[in-house]
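Engineer: You'll find entry08.txt just under this line, and it carries compact mmCIF, N, CA and C atoms.
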# COMPACT_ATOMS: atom_id res chain seq x y z
N MET A 1318 77.79 49.33 120.39
CA MET A 1318 78.18 50.64 119.91
C MET A 1318 79.62 50.90 120.34
N MET A 1319 80.44 51.31 119.40
CA MET A 1319 81.85 51.53 119.69
C MET A 1319 82.05 52.98 120.11
N GLY A 1320 82.87 53.18 121.09
CA GLY A 1320 83.15 54.53 121.59
C GLY A 1320 84.37 55.12 120.89
N CYS A 1321 84.52 56.40 121.03
CA CYS A 1321 85.64 57.11 120.43
C CYS A 1321 86.60 57.53 121.55
N LEU A 1322 87.86 57.25 121.38
CA LEU A 1322 88.85 57.58 122.37
C LEU A 1322 89.55 58.87 121.95
N ILE A 1323 89.47 59.89 122.79
CA ILE A 1323 90.10 61.17 122.52
C ILE A 1323 91.22 61.36 123.52
N LYS A 1324 92.40 61.61 123.01
CA LYS A 1324 93.55 61.78 123.87
C LYS A 1324 93.83 63.28 124.01
N THR A 1325 93.87 63.75 125.24
CA THR A 1325 94.18 65.14 125.50
C THR A 1325 95.61 65.23 126.00
N VAL A 1326 96.38 66.11 125.36
CA VAL A 1326 97.77 66.28 125.76
C VAL A 1326 97.87 67.58 126.56
N ARG A 1327 98.34 67.47 127.79
CA ARG A 1327 98.51 68.64 128.65
C ARG A 1327 99.98 68.75 129.02
N PRO A 1328 100.46 69.98 129.18
CA PRO A 1328 101.85 70.12 129.62
C PRO A 1328 102.02 69.55 131.02
N THR A 1329 103.17 68.98 131.29
CA THR A 1329 103.40 68.32 132.58
C THR A 1329 103.85 69.29 133.65
N GLY A 1330 104.43 70.40 133.29
CA GLY A 1330 104.92 71.35 134.28
C GLY A 1330 104.32 72.72 134.06
N PRO A 1331 104.74 73.67 134.86
CA PRO A 1331 104.22 75.03 134.67
C PRO A 1331 104.71 75.62 133.36
N ALA A 1332 103.94 76.56 132.82
CA ALA A 1332 104.33 77.20 131.56
C ALA A 1332 105.63 77.96 131.76
N ARG A 1333 106.48 77.89 130.77
CA ARG A 1333 107.79 78.51 130.88
C ARG A 1333 107.88 79.66 129.87
N ASP A 1334 108.27 80.84 130.35
CA ASP A 1334 108.46 81.99 129.47
C ASP A 1334 109.86 81.87 128.87
N PRO A 1335 109.97 81.66 127.55
CA PRO A 1335 111.29 81.43 126.96
C PRO A 1335 112.21 82.63 127.07
N ALA A 1336 111.66 83.84 127.22
CA ALA A 1336 112.53 85.01 127.32
C ALA A 1336 113.23 85.05 128.68
N ARG A 1337 112.51 84.69 129.74
CA ARG A 1337 113.10 84.74 131.08
C ARG A 1337 113.71 83.42 131.50
N HIS A 1338 113.16 82.31 131.04
CA HIS A 1338 113.64 80.98 131.41
C HIS A 1338 113.86 80.16 130.15
N PRO A 1339 115.01 80.30 129.51
CA PRO A 1339 115.24 79.52 128.28
C PRO A 1339 115.32 78.03 128.58
N VAL A 1340 114.99 77.25 127.56
CA VAL A 1340 115.04 75.80 127.69
C VAL A 1340 116.50 75.37 127.74
N PRO A 1341 116.88 74.57 128.73
CA PRO A 1341 118.27 74.10 128.79
C PRO A 1341 118.62 73.29 127.55
N GLU A 1342 119.89 73.31 127.18
CA GLU A 1342 120.36 72.61 125.99
C GLU A 1342 120.05 71.12 126.05
N SER A 1343 120.04 70.55 127.27
CA SER A 1343 119.78 69.12 127.40
C SER A 1343 118.33 68.76 127.08
N GLU A 1344 117.42 69.74 127.12
CA GLU A 1344 116.01 69.46 126.86
C GLU A 1344 115.61 69.74 125.42
N HIS A 1345 116.52 70.24 124.60
CA HIS A 1345 116.19 70.48 123.19
C HIS A 1345 115.98 69.15 122.49
N PHE A 1346 114.92 69.05 121.73
CA PHE A 1346 114.60 67.83 120.98
C PHE A 1346 114.92 68.08 119.53
N MET A 1347 115.99 67.49 119.04
CA MET A 1347 116.42 67.64 117.66
C MET A 1347 116.51 69.12 117.29
N SER A 1348 117.21 69.90 118.08
CA SER A 1348 117.26 71.34 117.90
C SER A 1348 117.90 71.73 116.57
N ASP A 1349 118.76 70.88 116.01
CA ASP A 1349 119.37 71.23 114.73
C ASP A 1349 118.38 71.09 113.58
N GLN A 1350 117.36 70.25 113.72
CA GLN A 1350 116.37 70.08 112.66
C GLN A 1350 115.21 71.06 112.81
N TYR A 1351 114.88 71.44 114.03
CA TYR A 1351 113.74 72.29 114.29
C TYR A 1351 114.21 73.55 115.01
N PRO A 1352 114.52 74.61 114.28
CA PRO A 1352 115.03 75.80 114.93
C PRO A 1352 113.97 76.55 115.73
N HIS A 1353 112.71 76.17 115.62
CA HIS A 1353 111.66 76.83 116.38
C HIS A 1353 111.90 76.62 117.87
N PRO A 1354 111.73 77.65 118.71
CA PRO A 1354 112.08 77.52 120.13
C PRO A 1354 111.23 76.50 120.89
N TYR A 1355 110.10 76.10 120.35
CA TYR A 1355 109.24 75.14 121.05
C TYR A 1355 109.36 73.73 120.51
N GLY A 1356 110.36 73.47 119.68
CA GLY A 1356 110.60 72.12 119.20
C GLY A 1356 109.81 71.79 117.95
N PRO A 1357 109.69 70.50 117.65
CA PRO A 1357 109.04 70.06 116.41
C PRO A 1357 107.53 70.25 116.49
N PRO A 1358 106.85 70.20 115.35
CA PRO A 1358 105.39 70.29 115.36
C PRO A 1358 104.79 69.13 116.16
N GLN A 1359 103.68 69.39 116.79
CA GLN A 1359 103.02 68.38 117.60
C GLN A 1359 102.38 67.32 116.70
N PRO A 1360 102.26 66.09 117.19
CA PRO A 1360 101.59 65.05 116.39
C PRO A 1360 100.15 65.47 116.09
N GLY A 1361 99.75 65.25 114.87
CA GLY A 1361 98.40 65.59 114.46
C GLY A 1361 98.31 66.95 113.80
N SER A 1362 99.30 67.81 113.98
CA SER A 1362 99.26 69.11 113.31
C SER A 1362 99.82 68.94 111.91
N LEU A 1363 99.24 69.66 111.00
CA LEU A 1363 99.65 69.55 109.60
C LEU A 1363 100.45 70.78 109.20
N PRO A 1364 101.59 70.59 108.56
CA PRO A 1364 102.33 71.75 108.05
C PRO A 1364 101.59 72.32 106.85
N PRO A 1365 101.85 73.57 106.49
CA PRO A 1365 101.19 74.13 105.31
C PRO A 1365 101.61 73.38 104.05
N ALA A 1366 100.71 73.29 103.11
CA ALA A 1366 101.00 72.59 101.86
C ALA A 1366 102.12 73.31 101.13
N PRO A 1367 103.12 72.60 100.68
CA PRO A 1367 104.23 73.26 100.00
C PRO A 1367 103.83 73.76 98.61
N THR A 1368 104.32 74.92 98.26
CA THR A 1368 104.15 75.43 96.92
C THR A 1368 105.54 75.73 96.37
N PRO A 1369 105.73 75.57 95.08
CA PRO A 1369 107.08 75.75 94.55
C PRO A 1369 107.57 77.19 94.59
N TYR A 1370 106.69 78.16 94.73
CA TYR A 1370 107.12 79.55 94.68
C TYR A 1370 106.84 80.31 95.96
N GLY A 1371 106.36 79.66 97.01
CA GLY A 1371 106.19 80.32 98.30
C GLY A 1371 104.87 81.06 98.43
N TYR A 1372 104.80 81.88 99.48
CA TYR A 1372 103.60 82.62 99.82
C TYR A 1372 103.92 84.10 99.97
N ASP A 1373 102.93 84.95 99.70
CA ASP A 1373 103.10 86.38 99.95
C ASP A 1373 102.84 86.65 101.43
N PRO A 1374 103.03 87.89 101.91
CA PRO A 1374 102.83 88.17 103.34
C PRO A 1374 101.43 87.89 103.86
N TYR A 1375 100.45 87.80 102.98
CA TYR A 1375 99.08 87.52 103.40
C TYR A 1375 98.73 86.04 103.32
N GLY A 1376 99.70 85.20 103.00
CA GLY A 1376 99.48 83.76 102.97
C GLY A 1376 98.98 83.23 101.64
N ARG A 1377 98.90 84.08 100.62
CA ARG A 1377 98.44 83.63 99.31
C ARG A 1377 99.61 83.06 98.53
N PRO A 1378 99.42 81.94 97.82
CA PRO A 1378 100.55 81.35 97.07
C PRO A 1378 100.93 82.22 95.88
N TYR A 1379 102.23 82.24 95.59
CA TYR A 1379 102.73 83.00 94.45
C TYR A 1379 102.54 82.22 93.16
N SER A 1380 102.43 82.97 92.08
CA SER A 1380 102.36 82.40 90.74
C SER A 1380 103.77 82.07 90.26
N GLU A 1381 103.86 81.29 89.21
CA GLU A 1381 105.16 81.03 88.60
C GLU A 1381 105.57 82.19 87.70
N LYS A 1382 104.66 83.11 87.44
CA LYS A 1382 104.93 84.25 86.56
C LYS A 1382 105.36 85.46 87.38
N SER A 1383 106.19 86.31 86.79
CA SER A 1383 106.76 87.47 87.47
C SER A 1383 106.03 88.74 87.07
N LYS A 1384 105.79 89.62 88.06
CA LYS A 1384 105.16 90.90 87.74
C LYS A 1384 106.13 91.82 87.00
N ILE A 1385 107.43 91.64 87.22
CA ILE A 1385 108.43 92.46 86.52
C ILE A 1385 108.44 92.12 85.04
N VAL A 1386 108.42 90.84 84.72
CA VAL A 1386 108.38 90.43 83.31
C VAL A 1386 107.09 90.91 82.66
N ALA A 1387 105.96 90.75 83.37
CA ALA A 1387 104.67 91.19 82.82
C ALA A 1387 104.66 92.69 82.60
N GLY A 1388 105.22 93.46 83.55
CA GLY A 1388 105.24 94.91 83.41
C GLY A 1388 106.12 95.38 82.26
N VAL A 1389 107.30 94.78 82.12
CA VAL A 1389 108.20 95.18 81.04
C VAL A 1389 107.61 94.79 79.68
N LEU A 1390 107.02 93.61 79.59
CA LEU A 1390 106.36 93.21 78.35
C LEU A 1390 105.22 94.17 78.02
N GLN A 1391 104.48 94.57 79.03
CA GLN A 1391 103.35 95.46 78.82
C GLN A 1391 103.83 96.86 78.40
N LEU A 1392 104.94 97.31 78.97
CA LEU A 1392 105.45 98.64 78.59
C LEU A 1392 105.95 98.66 77.14
N PHE A 1393 106.66 97.63 76.73
CA PHE A 1393 107.27 97.64 75.40
C PHE A 1393 106.39 97.03 74.32
N LEU A 1394 105.58 96.03 74.65
CA LEU A 1394 104.74 95.36 73.65
C LEU A 1394 103.26 95.38 74.04
N GLY A 1395 102.89 96.36 74.87
CA GLY A 1395 101.52 96.44 75.38
C GLY A 1395 100.48 96.74 74.33
N THR A 1396 100.89 97.36 73.24
CA THR A 1396 99.91 97.64 72.19
C THR A 1396 99.42 96.35 71.54
N PHE A 1397 100.17 95.28 71.72
CA PHE A 1397 99.74 93.97 71.23
C PHE A 1397 99.16 93.11 72.35
N GLY A 1398 99.13 93.62 73.58
CA GLY A 1398 98.58 92.87 74.71
C GLY A 1398 99.47 91.75 75.21
N ILE A 1399 100.77 91.82 74.91
CA ILE A 1399 101.67 90.72 75.24
C ILE A 1399 101.78 90.48 76.75
N GLY A 1400 101.80 91.55 77.53
CA GLY A 1400 101.88 91.40 78.98
C GLY A 1400 100.69 90.66 79.55
N ARG A 1401 99.51 90.93 78.98
CA ARG A 1401 98.30 90.23 79.43
C ARG A 1401 98.25 88.79 78.92
N PHE A 1402 98.76 88.54 77.72
CA PHE A 1402 98.86 87.15 77.26
C PHE A 1402 99.79 86.37 78.18
N TYR A 1403 100.89 87.02 78.62
CA TYR A 1403 101.85 86.37 79.51
C TYR A 1403 101.18 85.94 80.83
N THR A 1404 100.34 86.78 81.39
CA THR A 1404 99.69 86.44 82.67
C THR A 1404 98.46 85.55 82.48
N GLY A 1405 98.05 85.31 81.25
CA GLY A 1405 96.93 84.41 81.00
C GLY A 1405 95.59 85.09 80.88
N HIS A 1406 95.54 86.42 80.91
CA HIS A 1406 94.29 87.16 80.75
C HIS A 1406 94.04 87.38 79.26
N VAL A 1407 93.53 86.34 78.61
CA VAL A 1407 93.40 86.35 77.15
C VAL A 1407 92.37 87.36 76.68
N GLY A 1408 91.25 87.48 77.36
CA GLY A 1408 90.21 88.43 76.95
C GLY A 1408 90.71 89.86 76.96
N MET A 1409 91.39 90.26 78.01
CA MET A 1409 91.93 91.61 78.09
C MET A 1409 93.06 91.80 77.09
N ALA A 1410 93.83 90.75 76.85
CA ALA A 1410 94.92 90.83 75.87
C ALA A 1410 94.35 91.05 74.47
N LEU A 1411 93.28 90.36 74.14
CA LEU A 1411 92.65 90.56 72.83
C LEU A 1411 92.07 91.96 72.70
N ALA A 1412 91.49 92.48 73.79
CA ALA A 1412 90.97 93.84 73.76
C ALA A 1412 92.10 94.84 73.52
N GLN A 1413 93.25 94.63 74.16
CA GLN A 1413 94.39 95.52 73.92
C GLN A 1413 94.92 95.36 72.51
N LEU A 1414 94.91 94.16 72.00
CA LEU A 1414 95.39 93.91 70.64
C LEU A 1414 94.52 94.64 69.62
N PHE A 1415 93.19 94.56 69.78
CA PHE A 1415 92.29 95.17 68.80
C PHE A 1415 92.20 96.68 68.94
N THR A 1416 92.55 97.25 70.10
CA THR A 1416 92.51 98.71 70.28
C THR A 1416 93.91 99.32 70.28
N CYS A 1417 94.92 98.53 69.90
CA CYS A 1417 96.32 98.96 69.93
C CYS A 1417 96.71 99.46 71.31
N GLY A 1418 96.30 98.69 72.30
CA GLY A 1418 96.63 99.04 73.68
C GLY A 1418 95.96 100.31 74.15
N GLY A 1419 94.76 100.57 73.67
CA GLY A 1419 94.09 101.83 74.01
C GLY A 1419 94.87 103.01 73.49
N LEU A 1420 95.35 102.88 72.25
CA LEU A 1420 96.22 103.87 71.59
C LEU A 1420 97.48 104.12 72.39
N GLY A 1421 97.94 103.10 73.08
CA GLY A 1421 99.19 103.18 73.84
C GLY A 1421 99.01 103.64 75.27
N ILE A 1422 97.93 104.36 75.56
CA ILE A 1422 97.72 104.89 76.91
C ILE A 1422 97.38 103.76 77.88
N TRP A 1423 96.46 102.87 77.48
CA TRP A 1423 96.07 101.75 78.32
C TRP A 1423 97.28 100.85 78.60
N ALA A 1424 98.07 100.59 77.57
CA ALA A 1424 99.24 99.73 77.72
C ALA A 1424 100.27 100.35 78.66
N LEU A 1425 100.49 101.65 78.57
CA LEU A 1425 101.44 102.34 79.43
C LEU A 1425 101.00 102.29 80.89
N ILE A 1426 99.75 102.63 81.13
CA ILE A 1426 99.23 102.61 82.51
C ILE A 1426 99.23 101.19 83.06
N ASP A 1427 98.83 100.23 82.24
CA ASP A 1427 98.80 98.84 82.67
C ASP A 1427 100.20 98.33 83.02
N GLY A 1428 101.21 98.71 82.23
CA GLY A 1428 102.58 98.31 82.51
C GLY A 1428 103.09 98.89 83.81
N ILE A 1429 102.79 100.17 84.06
CA ILE A 1429 103.21 100.80 85.31
C ILE A 1429 102.52 100.16 86.50
N VAL A 1430 101.23 99.86 86.36
CA VAL A 1430 100.50 99.22 87.46
C VAL A 1430 101.06 97.82 87.74
N PHE A 1431 101.43 97.10 86.72
CA PHE A 1431 102.07 95.78 86.93
C PHE A 1431 103.33 95.91 87.76
N LEU A 1432 104.16 96.91 87.46
CA LEU A 1432 105.44 97.07 88.14
C LEU A 1432 105.29 97.59 89.57
N VAL A 1433 104.28 98.39 89.84
CA VAL A 1433 104.13 99.04 91.14
C VAL A 1433 103.25 98.26 92.11
N SER A 1434 102.23 97.60 91.60
CA SER A 1434 101.25 96.94 92.46
C SER A 1434 101.77 95.63 93.03
N ASN A 1435 101.30 95.29 94.22
CA ASN A 1435 101.65 94.01 94.84
C ASN A 1435 100.51 93.01 94.80
N ASN A 1436 99.37 93.37 94.23
CA ASN A 1436 98.20 92.50 94.26
C ASN A 1436 97.78 92.01 92.88
N LYS A 1437 98.59 92.19 91.87
CA LYS A 1437 98.23 91.71 90.53
C LYS A 1437 98.29 90.19 90.51
N THR A 1438 97.33 89.58 89.85
CA THR A 1438 97.24 88.12 89.81
C THR A 1438 97.31 87.63 88.36
N ASP A 1439 97.60 86.33 88.22
CA ASP A 1439 97.54 85.71 86.90
C ASP A 1439 96.13 85.20 86.67
N ALA A 1440 95.92 84.47 85.60
CA ALA A 1440 94.58 83.98 85.25
C ALA A 1440 94.03 82.98 86.26
N GLN A 1441 94.91 82.29 87.01
CA GLN A 1441 94.47 81.33 88.01
C GLN A 1441 94.20 81.99 89.35
N GLY A 1442 94.42 83.30 89.47
CA GLY A 1442 94.19 84.00 90.72
C GLY A 1442 95.36 83.99 91.67
N LEU A 1443 96.51 83.49 91.22
CA LEU A 1443 97.71 83.47 92.06
C LEU A 1443 98.45 84.80 91.93
N VAL A 1444 98.98 85.29 93.04
CA VAL A 1444 99.67 86.57 93.06
C VAL A 1444 100.99 86.45 92.28
N LEU A 1445 101.25 87.43 91.41
CA LEU A 1445 102.49 87.43 90.64
C LEU A 1445 103.66 87.67 91.60
N ARG A 1446 104.72 86.91 91.42
CA ARG A 1446 105.88 87.10 92.29
C ARG A 1446 106.67 88.31 91.83
N GLY A 1447 107.41 88.91 92.76
CA GLY A 1447 108.10 90.17 92.48
C GLY A 1447 109.46 89.94 92.00
Spit out the file's structure as structure tokens when you get a sec.
Structural biologist:
Amino acid sequence: MMGCLIKTVRPTGPARDPARHPVPESEHFMSDQYPHPYGPPQPGSLPPAPTPYGYDPYGRPYSEKSKIVAGVLQLFLGTFGIGRFYTGHVGMALAQLFTCGGLGIWALIDGIVFLVSNNKTDAQGLVLRG
């Protein structure tokens, strides 16, 4: 039976408070590449998966679509459901198309909500970027 070897990494010296005891310049490890005060990521730690459009403050990835474009499309062409077609919500876009945007009221409110809200998502569930 083969055993499993687990390596535990412990700091060699006492914990250092960076505010009161900054790390001397001679101890910085590639400080120009890793601006973080504690140096590079530790071996075995994984960086977050890159996304082309970044993350919102809650850690959710952004969509490639803009809430400003969706809101403006919805305000001006909302009676045809164009703002919803843009975000990929085809069912709601067809409902707006067949009801003329709720006689314009639904389209107007929907356009304002697109512009003001920070939690609107596209059809894939990604948050619209601002």
Engineer: If we count all atoms listed in the file and set the cut-off at 6 Å, which residues sit around range 1375-1381 of chain A, ignoring sequence neighbours fewer than 3 positions away in its own chain? Please answer as an MDAnalysis selection string.
Structural biologist: chainID A and resid 1370:1372 1443:1446
Engineer: Ranking A:Ile1429, A:Gly1395, A:Thr1404, A:Leu1411 by minimum distance to Ser1383 in chain A and counting all atoms listed in the file, which one comes first?
Structural biologist: A:Thr1404
Engineer: If you count all atoms listed in the file, which residues fall within 6.5 Å of Gly1418 in chain A, apart from same-chain ones fewer than 5 positions away, as a tab-separated table (two decimals) with N, CA and C atoms, keeping the file's coordinate frame?
Structural biologist:
chain	number	residue	atom	x	y	z
A	1395	GLY	N	102.89	96.36	74.87
A	1395	GLY	CA	101.52	96.44	75.38
A	1395	GLY	C	100.48	96.74	74.33
A	1396	THR	N	100.89	97.36	73.24
A	1396	THR	CA	99.91	97.64	72.19
A	1396	THR	C	99.42	96.35	71.54
A	1397	PHE	N	100.17	95.28	71.72
A	1397	PHE	CA	99.74	93.97	71.23
A	1397	PHE	C	99.16	93.11	72.35
A	1398	GLY	N	99.13	93.62	73.58
A	1398	GLY	CA	98.58	92.87	74.71
A	1398	GLY	C	99.47	91.75	75.21
A	1412	ALA	N	91.49	92.48	73.79
A	1412	ALA	CA	90.97	93.84	73.76
A	1412	ALA	C	92.10	94.84	73.52
A	1413	GLN	N	93.25	94.63	74.16
A	1413	GLN	CA	94.39	95.52	73.92
A	1413	GLN	C	94.92	95.36	72.51
A	1423	TRP	N	96.46	102.87	77.48
A	1423	TRP	CA	96.07	101.75	78.32
A	1423	TRP	C	97.28	100.85	78.60
A	1424	ALA	N	98.07	100.59	77.57
A	1424	ALA	CA	99.24	99.73	77.72
A	1424	ALA	C	100.27	100.35	78.66
A	1425	LEU	N	100.49	101.65	78.57
A	1425	LEU	CA	101.44	102.34	79.43
A	1425	LEU	C	101.00	102.29	80.89
Engineer: Which distance in Å separates atom N of Gly1428 in chain A and CA of Leu1414 in chain A, to one decimal?
Structural biologist: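 Calculated distance between atom N of Gly1428 in chain A and CA of Leu1414 in chain A is 13.8 Å.
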Engineer: Is it possible to get the residues within 8 Å of (104.9, 93.3, 77.9) (coordinates as in the file, counting only C-alpha atoms) written as a list of chain:residue names?
Structural biologist: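 Collected hits near the coordinates: A:Val1386, A:Ala1387, A:Gly1388, A:Val1389, A:Leu1390, A:Gln1391, A:Leu1392, A:Phe1393, A:Leu1394, A:Gly1395, A:Gly1398, A:Ile1399, A:Gly1400, A:Arg1401, A:Tyr1403, A:Gly1428.
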Engineer: Go ahead and compute the interatomic distance for atom N of Phe1431 in chain A and CA of Gly1447 in chain A, in Å to one decimal.
Structural biologist: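 Straight-line distance from atom N of Phe1431 in chain A to CA of Gly1447 in chain A works out to 11.2 Å.
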Engineer: As an exercise, work out the distance from CA of Ile1422 in chain A to CA of Met1409 in chain A in Å and give it to one decimal place.
Structural biologist: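 Rounded to one decimal, the two atoms are 14.5 Å apart.
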